[in-house]
Each structure stands twice: as C-alpha cells, then as structure tokens.
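Participant: Next comes the structure file input_12.csv, holding CSV, C-alpha atoms.
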```csv
chain,number,residue,atom,x,y,z
A,20,MET,CA,113.7,95.1,134.9
A,21,THR,CA,113.0,94.7,131.2
A,22,THR,CA,115.6,95.5,128.6
A,23,GLU,CA,115.0,97.6,125.5
A,24,ILE,CA,115.0,94.4,123.4
A,25,GLU,CA,112.3,92.8,125.5
A,26,LYS,CA,110.2,96.0,125.3
A,27,ARG,CA,110.5,96.1,121.5
A,28,TYR,CA,109.6,92.4,121.3
A,29,GLU,CA,106.5,92.9,123.4
A,30,GLU,CA,105.5,96.0,121.4
A,31,ASN,CA,105.9,94.1,118.1
A,32,LYS,CA,103.9,91.2,119.5
A,33,LEU,CA,101.1,93.6,120.5
A,34,ILE,CA,101.2,95.4,117.1
A,35,LYS,CA,100.9,92.1,115.2
A,36,GLN,CA,98.0,91.1,117.5
A,37,GLU,CA,96.1,94.4,117.2
A,38,THR,CA,96.6,94.7,113.4
A,39,ARG,CA,95.8,91.1,112.5
A,40,ILE,CA,92.1,91.7,112.0
A,41,THR,CA,92.6,94.9,109.9
A,42,VAL,CA,95.2,93.2,107.7
A,43,LEU,CA,92.8,90.3,107.1
A,44,ILE,CA,90.0,92.8,106.3
A,45,SER,CA,92.4,94.6,103.9
A,46,LEU,CA,93.2,91.3,102.1
A,47,ALA,CA,89.5,90.4,101.8
A,48,ILE,CA,88.9,93.9,100.3
A,49,LEU,CA,91.7,93.3,97.8
A,50,VAL,CA,90.1,90.0,96.8
A,51,SER,CA,86.7,91.8,96.5
A,52,VAL,CA,88.3,94.5,94.3
A,53,GLY,CA,89.5,91.7,92.0
A,54,ILE,CA,86.0,90.2,91.9
A,55,TYR,CA,84.5,93.6,91.1
A,56,THR,CA,87.1,94.0,88.3
A,57,ALA,CA,86.2,90.6,86.9
A,58,LEU,CA,82.5,91.3,87.1
A,59,ALA,CA,82.9,94.7,85.4
A,60,TYR,CA,85.0,93.1,82.6
A,61,PHE,CA,83.2,89.9,82.0
A,62,VAL,CA,79.6,90.5,82.9
A,63,LYS,CA,77.9,92.5,80.2
A,64,ILE,CA,74.6,93.8,81.4
A,65,GLY,CA,74.3,96.1,78.4
A,66,PRO,CA,74.2,99.9,78.6
A,67,LEU,CA,71.6,100.9,81.2
A,68,LEU,CA,71.9,104.5,80.0
A,69,ASN,CA,71.5,104.8,76.2
A,70,ASP,CA,71.6,108.6,76.2
A,71,GLN,CA,75.3,109.5,75.7
A,72,GLU,CA,74.9,112.9,77.4
A,73,SER,CA,73.5,111.3,80.5
A,74,LEU,CA,76.2,108.7,80.5
A,75,LYS,CA,78.9,111.3,80.2
A,76,LYS,CA,77.4,113.3,83.1
A,77,ALA,CA,77.2,110.1,85.2
A,78,TYR,CA,80.8,109.3,84.4
A,79,ASP,CA,82.0,112.8,85.2
A,80,MET,CA,80.1,112.8,88.5
A,81,ILE,CA,81.3,109.4,89.6
A,82,ASN,CA,84.9,110.5,88.8
A,83,LEU,CA,84.5,113.6,90.9
A,84,VAL,CA,83.0,111.6,93.8
A,85,VAL,CA,85.9,109.1,93.7
A,86,ILE,CA,88.5,111.9,93.6
A,87,MET,CA,86.8,113.5,96.6
A,88,LEU,CA,86.6,110.2,98.5
A,89,MET,CA,90.3,109.6,97.9
A,90,ILE,CA,91.2,113.1,99.2
A,91,VAL,CA,89.0,112.7,102.2
A,92,ILE,CA,90.3,109.3,103.1
A,93,LEU,CA,93.9,110.4,102.9
A,94,ALA,CA,93.3,113.7,104.7
A,95,VAL,CA,91.3,112.1,107.5
A,96,ARG,CA,93.9,109.3,107.9
A,97,ARG,CA,96.7,111.8,108.1
A,98,SER,CA,95.0,114.3,110.5
A,99,ILE,CA,93.0,112.1,112.8
A,100,TYR,CA,95.7,109.5,113.6
A,101,TYR,CA,97.7,112.0,115.7
A,102,SER,CA,94.9,114.3,116.8
A,103,PRO,CA,95.0,115.3,120.5
A,104,ARG,CA,91.2,115.1,120.5
A,105,PHE,CA,91.3,111.5,119.4
A,106,ILE,CA,94.4,110.3,121.2
A,107,LYS,CA,94.2,111.3,124.9
A,108,GLU,CA,97.2,111.8,127.0
A,109,ASP,CA,96.4,108.9,129.3
A,110,PHE,CA,96.0,106.3,126.5
A,111,THR,CA,98.0,103.1,126.6
A,112,LEU,CA,99.5,101.5,123.5
A,113,PRO,CA,96.7,98.9,123.2
A,114,GLN,CA,94.1,101.7,123.4
A,115,VAL,CA,95.9,103.7,120.7
A,116,LEU,CA,96.1,100.6,118.4
A,117,ALA,CA,92.4,99.8,119.0
A,118,LYS,CA,91.5,103.4,118.0
A,119,TRP,CA,93.6,103.2,114.9
A,120,ARG,CA,92.0,99.8,114.0
A,121,THR,CA,88.6,101.5,114.2
A,122,ILE,CA,89.8,104.3,111.9
A,123,ASP,CA,91.4,101.9,109.5
A,124,ILE,CA,88.3,99.7,109.1
A,125,MET,CA,86.1,102.6,108.5
A,126,LEU,CA,88.5,104.1,105.9
A,127,LEU,CA,88.9,100.7,104.2
A,128,ALA,CA,85.1,100.3,103.9
A,129,ILE,CA,84.9,103.7,102.3
A,130,ALA,CA,87.8,102.8,100.0
A,131,GLU,CA,85.9,99.7,98.8
A,132,THR,CA,83.2,102.0,97.4
A,133,ILE,CA,85.6,103.2,94.7
A,134,PRO,CA,85.8,99.9,92.7
A,135,ILE,CA,82.1,99.5,93.3
A,136,CYS,CA,81.6,102.9,91.6
A,137,GLY,CA,83.8,101.6,88.7
A,138,MET,CA,81.7,98.5,88.3
A,139,VAL,CA,78.4,100.4,88.3
A,140,ILE,CA,79.6,103.0,85.8
A,141,THR,CA,80.9,100.1,83.6
A,142,TRP,CA,77.4,98.5,83.7
A,143,LEU,CA,75.8,101.8,82.9
A,144,GLY,CA,77.6,101.7,79.6
A,145,ILE,CA,81.1,103.2,79.9
A,146,PRO,CA,83.7,100.9,78.3
A,147,PHE,CA,85.9,99.0,80.8
A,148,ASN,CA,89.1,100.6,79.4
A,149,ARG,CA,87.8,104.0,80.6
A,150,THR,CA,86.8,102.6,84.1
A,151,PHE,CA,89.9,100.5,84.8
A,152,HIS,CA,91.4,103.4,86.9
A,153,PHE,CA,88.6,103.0,89.5
A,154,PHE,CA,89.7,99.4,90.3
A,155,VAL,CA,93.4,100.3,90.3
A,156,ALA,CA,92.8,103.3,92.6
A,157,GLY,CA,90.7,101.2,95.0
A,158,ALA,CA,93.4,98.5,95.2
A,159,LEU,CA,96.2,101.0,95.7
A,160,LEU,CA,94.2,102.9,98.4
A,161,VAL,CA,93.6,99.6,100.3
A,162,ILE,CA,97.3,98.8,100.1
A,163,ILE,CA,98.2,102.3,101.4
A,164,LEU,CA,95.7,101.9,104.2
A,165,MET,CA,96.8,98.3,105.1
A,166,PRO,CA,98.3,98.5,108.6
A,167,VAL,CA,101.4,96.3,108.2
A,168,PRO,CA,103.6,96.3,111.3
A,169,ILE,CA,106.5,98.4,109.9
A,170,LYS,CA,104.0,101.2,109.0
A,171,VAL,CA,102.4,101.0,112.4
A,172,ARG,CA,105.8,101.3,114.2
A,173,SER,CA,106.5,104.3,112.1
A,174,LYS,CA,103.2,105.9,113.0
A,175,LEU,CA,103.9,105.1,116.7
A,176,GLY,CA,107.3,106.9,116.4
A,177,ILE,CA,105.5,110.0,115.1
A,178,LEU,CA,102.9,109.8,117.8
A,179,ARG,CA,105.6,109.4,120.5
A,180,LYS,CA,107.0,112.8,119.6
A,181,THR,CA,103.9,114.4,121.1
A,182,HIS,CA,102.9,111.7,123.6
A,183,THR,CA,106.1,110.7,125.3
A,184,ASP,CA,104.4,108.3,127.8
A,185,LEU,CA,103.4,105.7,125.1
```
Would you mind giving the structure from this file in structure tokens?

Facilitator:
Amino acid sequence: MTTEIEKRYEENKLIKQETRITVLISLAILVSVGIYTALAYFVKIGPLLNDQESLKKAYDMINLVVIMLMIVILAVRRSIYYSPRFIKEDFTLPQVLAKWRTIDIMLLAIAETIPICGMVITWLGIPFNRTFHFFVAGALLVIILMPVPIKVRSKLGILRKTHTDL
C-alpha cells in the first residue's frame, strides 16, 4: 500500500516528465522573442509604407489583432482546461497532462505571433518605442502559459474538484 507521500512523489515525477517538452518549447519561444526584439531594434529595413495614413491604419489593425489574440488565448486556456468535453471522466493523470501539453503548445505557438507582429510593424515604419509593447506582451504571455510544476499541480487541484478519480 502506497502512502500519501509516495503518491505525491510519483505525481510530481509524472508532472515534471510530461511538462518538460512544453517548458523547453516555452524557453525557446522566449529566446525567439528576444531575437525578434533585437531584429526589430537593430535591423533597419526602412519604412515599407511611406503613406502615414496607411501606416497608422496598419498599426491600429495589428494592435487590435494582438489584443484579440491575447483575449482568445487567455479565455481558451481558462475554459478548455477544465471542460468536460475535453477532459473525459475516465481519463488518467498522464492522459490529462498530455491533453494539456497539446493545448499549451498550440497556445504558445499563437502567442509567438505577437512579437512577430511587432517586428513586422516596426519594419513597416513605426518607431521601435511605439512597438516595444508587442515584445513585452509576447514574452509575458509565454511566461504565463509556461507549465511550471507548481502551476500544473494547482490546475490539477482545480480539476480534481470536478473529477475526483484523478
């Protein structure tokens, strides 16, 4: 018969094993955000849009798209993690963690588009000091989405309120 301490140890070991890939992907995305930031700051392509009105419209549109992306990412993450349609009653802990890993990787990939948008709009002709928030928002979103073990245990605690057999 296993004790509570042994169960927790095995669960922690499984959480670290299942989240390792996603954490490495998150760290790689953070490095890429740094690269995008450096490219936007140091590489001057020249304004690709000379018309100020078109440039302002492009900036406003990209700002709106980024805001919508952030809202969608945070809303999807919050709602789908615990959805009964996504997490079935007969799922085991490894299956739940594998599903969460899939969600996390997709959301991280979407989050990486935010600094890419910042880099593109900088190259279109908007000054870097007006596009810096794209890079900060992308990095913060990746940090929020990163599945460190303490956050995963917290999410499992919430999930166990509805799925007592996990």

Participant: Rank nothing, just name the residue among A:Leu33, A:Val155, A:Ile162, A:Cys136 nearest to Ile81 in chain A, using all atoms listed in the file.

Facilitator: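 For Ile81 in chain A, the nearest of the candidates is A:Cys136.
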
Participant: Can you pull out every residue within 12 Å of Ala156 in chain A, counting only C-alpha atoms, but drop anything in the same chain fewer than 5 positions away, and send it as a VMD selection string?

Facilitator: chain A and resid 49 52 56 82 85 to 86 88 to 90 130 to 137 150 to 151 161 to 163

Participant: Enter the distance from CA of Leu126 in chain A to CA of Val139 in chain A, in Å, rounded to one decimal.

Facilitator: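 Atom-to-atom, CA of Leu126 in chain A and CA of Val139 in chain A are spaced 20.6 Å apart.
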
Participant: Using CA of Ile145 in chain A and CA of Lys63 in chain A as the two end points, give the distance in Å to one decimal.

Facilitator: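 Separation of CA of Ile145 in chain A and CA of Lys63 in chain A: 11.2 Å.
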
Participant: Work out how far CA of Ile124 in chain A is from CA of Ser51 in chain A, in Å to one decimal.

Facilitator: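 Between these atoms lies a distance of 15.0 Å.
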
Participant: Write out as number ranges by chain each polymer residue whose atoms come within 8 Å of range 39-42 of chain A, counting all atoms listed in the file; drop sequence neighbours fewer than 5 positions from it.

Facilitator: A: 120, 123-124, 165-167

Participant: For range 27-29 of chain A, please output as an MDAnalysis selection string all residues within 12 Å (counting only C-alpha atoms; exclusion window: fewer than 5 positions along the same chain).

Facilitator: chainID A and resid 21:22 34:36 112:113 172

Participant: Which residue out of A:Asn148, A:Ile140, A:Pro168, A:Lys174 has the minimum interatomic distance to Gly65 in chain A when all atoms listed in the file are used?

Facilitator: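 Selected residue with least distance to Gly65 in chain A: A:Ile140.
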
Participant: Between A:Glu25, A:Gly176, A:Ile44, A:Lys170, which one has atoms that come closest to Thr121 in chain A, using only C-alpha atoms?

Facilitator: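 Of the candidates, the smallest distance to Thr121 in chain A is held by A:Ile44.
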
Participant: Can you work out which one of A:Leu159, A:Ile129, A:Leu68, A:Ile106 has the shortest atom-to-atom distance to Arg179 in chain A, counting all atoms listed in the file?

Facilitator: A:Ile106

Participant: Would you kindly identify which residues have an atom no farther than 12 Å from (96.5, 110.9, 106.6), using all atoms listed in the file and the file's own coordinates, and write them out as a compact mmCIF listing (two decimals) with C-alpha atoms, in the coordinates of the input?

Facilitator:
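So result34.txt came out as:
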```txt
# COMPACT_ATOMS: atom_id res chain seq x y z
CA MET A 89 90.30 109.60 97.90
CA ILE A 90 91.20 113.10 99.20
CA VAL A 91 89.00 112.70 102.20
CA ILE A 92 90.30 109.30 103.10
CA LEU A 93 93.90 110.40 102.90
CA ALA A 94 93.30 113.70 104.70
CA VAL A 95 91.30 112.10 107.50
CA ARG A 96 93.90 109.30 107.90
CA ARG A 97 96.70 111.80 108.10
CA SER A 98 95.00 114.30 110.50
CA ILE A 99 93.00 112.10 112.80
CA TYR A 100 95.70 109.50 113.60
CA TYR A 101 97.70 112.00 115.70
CA SER A 102 94.90 114.30 116.80
CA TRP A 119 93.60 103.20 114.90
CA ILE A 122 89.80 104.30 111.90
CA ASP A 123 91.40 101.90 109.50
CA LEU A 126 88.50 104.10 105.90
CA LEU A 160 94.20 102.90 98.40
CA ILE A 163 98.20 102.30 101.40
CA LEU A 164 95.70 101.90 104.20
CA LYS A 174 103.20 105.90 113.00
```

Participant: From the options A:Arg149, A:Lys26, A:Lys118, A:Lys180, which residue's atoms come nearest to Lys75 in chain A, counting all atoms listed in the file?

Facilitator: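 Ranking A:Arg149, A:Lys26, A:Lys118, A:Lys180 by distance to Lys75 in chain A, first place goes to A:Arg149.
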
Participant: Could you name the residues that touch Val62 in chain A at 10 Å or less, counting all atoms listed in the file, but leaving out those on the same chain fewer than 3 positions away, as a list in words?

Facilitator: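 Within the cut-off, the hits are Thr56, Ala57, Leu58, Ala59, Gly65, Met138, Thr141 and Trp142 of chain A.
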
Participant: Which residue out of A:Ser173, A:Phe61, A:Pro146, A:Ala158 has the minimum interatomic distance to Leu74 in chain A when all atoms listed in the file are used?

Facilitator: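 Closest to Leu74 in chain A, using all atoms listed in the file: A:Pro146.
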
Participant: Could you rebuild range 127-142 of chain A with N, CA and C atoms and give it back as a JSON list (two decimals), keeping the file's coordinate frame?

Facilitator:
```json
[["chain", "number", "residue", "atom", "x", "y", "z"],
["A", 127, "LEU", "N", 88.86, 101.76, 105.18],
["A", 127, "LEU", "CA", 88.90, 100.70, 104.20],
["A", 127, "LEU", "C", 87.50, 100.41, 103.62],
["A", 128, "ALA", "N", 86.48, 100.51, 104.45],
["A", 128, "ALA", "CA", 85.10, 100.30, 103.90],
["A", 128, "ALA", "C", 84.76, 101.42, 102.94],
["A", 129, "ILE", "N", 85.17, 102.64, 103.23],
["A", 129, "ILE", "CA", 84.90, 103.70, 102.30],
["A", 129, "ILE", "C", 85.72, 103.52, 101.01],
["A", 130, "ALA", "N", 86.96, 103.05, 101.15],
["A", 130, "ALA", "CA", 87.80, 102.80, 100.00],
["A", 130, "ALA", "C", 87.23, 101.74, 99.07],
["A", 131, "GLU", "N", 86.51, 100.80, 99.64],
["A", 131, "GLU", "CA", 85.90, 99.70, 98.80],
["A", 131, "GLU", "C", 84.82, 100.26, 97.92],
["A", 132, "THR", "N", 84.26, 101.41, 98.23],
["A", 132, "THR", "CA", 83.20, 102.00, 97.40],
["A", 132, "THR", "C", 83.76, 102.43, 96.03],
["A", 133, "ILE", "N", 85.05, 102.69, 95.95],
["A", 133, "ILE", "CA", 85.60, 103.20, 94.70],
["A", 133, "ILE", "C", 85.54, 102.14, 93.58],
["A", 134, "PRO", "N", 85.98, 100.89, 93.79],
["A", 134, "PRO", "CA", 85.80, 99.90, 92.70],
["A", 134, "PRO", "C", 84.32, 99.57, 92.47],
["A", 135, "ILE", "N", 83.49, 99.70, 93.50],
["A", 135, "ILE", "CA", 82.10, 99.50, 93.30],
["A", 135, "ILE", "C", 81.53, 100.54, 92.32],
["A", 136, "CYS", "N", 81.97, 101.79, 92.49],
["A", 136, "CYS", "CA", 81.60, 102.90, 91.60],
["A", 136, "CYS", "C", 82.05, 102.52, 90.15],
["A", 137, "GLY", "N", 83.26, 101.98, 90.02],
["A", 137, "GLY", "CA", 83.80, 101.60, 88.70],
["A", 137, "GLY", "C", 82.93, 100.50, 88.07],
["A", 138, "MET", "N", 82.51, 99.54, 88.88],
["A", 138, "MET", "CA", 81.70, 98.50, 88.30],
["A", 138, "MET", "C", 80.33, 99.00, 87.89],
["A", 139, "VAL", "N", 79.74, 99.87, 88.69],
["A", 139, "VAL", "CA", 78.40, 100.40, 88.30],
["A", 139, "VAL", "C", 78.51, 101.26, 87.07],
["A", 140, "ILE", "N", 79.51, 102.10, 86.96],
["A", 140, "ILE", "CA", 79.60, 103.00, 85.80],
["A", 140, "ILE", "C", 79.93, 102.14, 84.53],
["A", 141, "THR", "N", 80.62, 101.03, 84.70],
["A", 141, "THR", "CA", 80.90, 100.10, 83.60],
["A", 141, "THR", "C", 79.54, 99.51, 83.11],
["A", 142, "TRP", "N", 78.74, 99.10, 84.06],
["A", 142, "TRP", "CA", 77.40, 98.50, 83.70],
["A", 142, "TRP", "C", 76.48, 99.53, 83.15]]
```
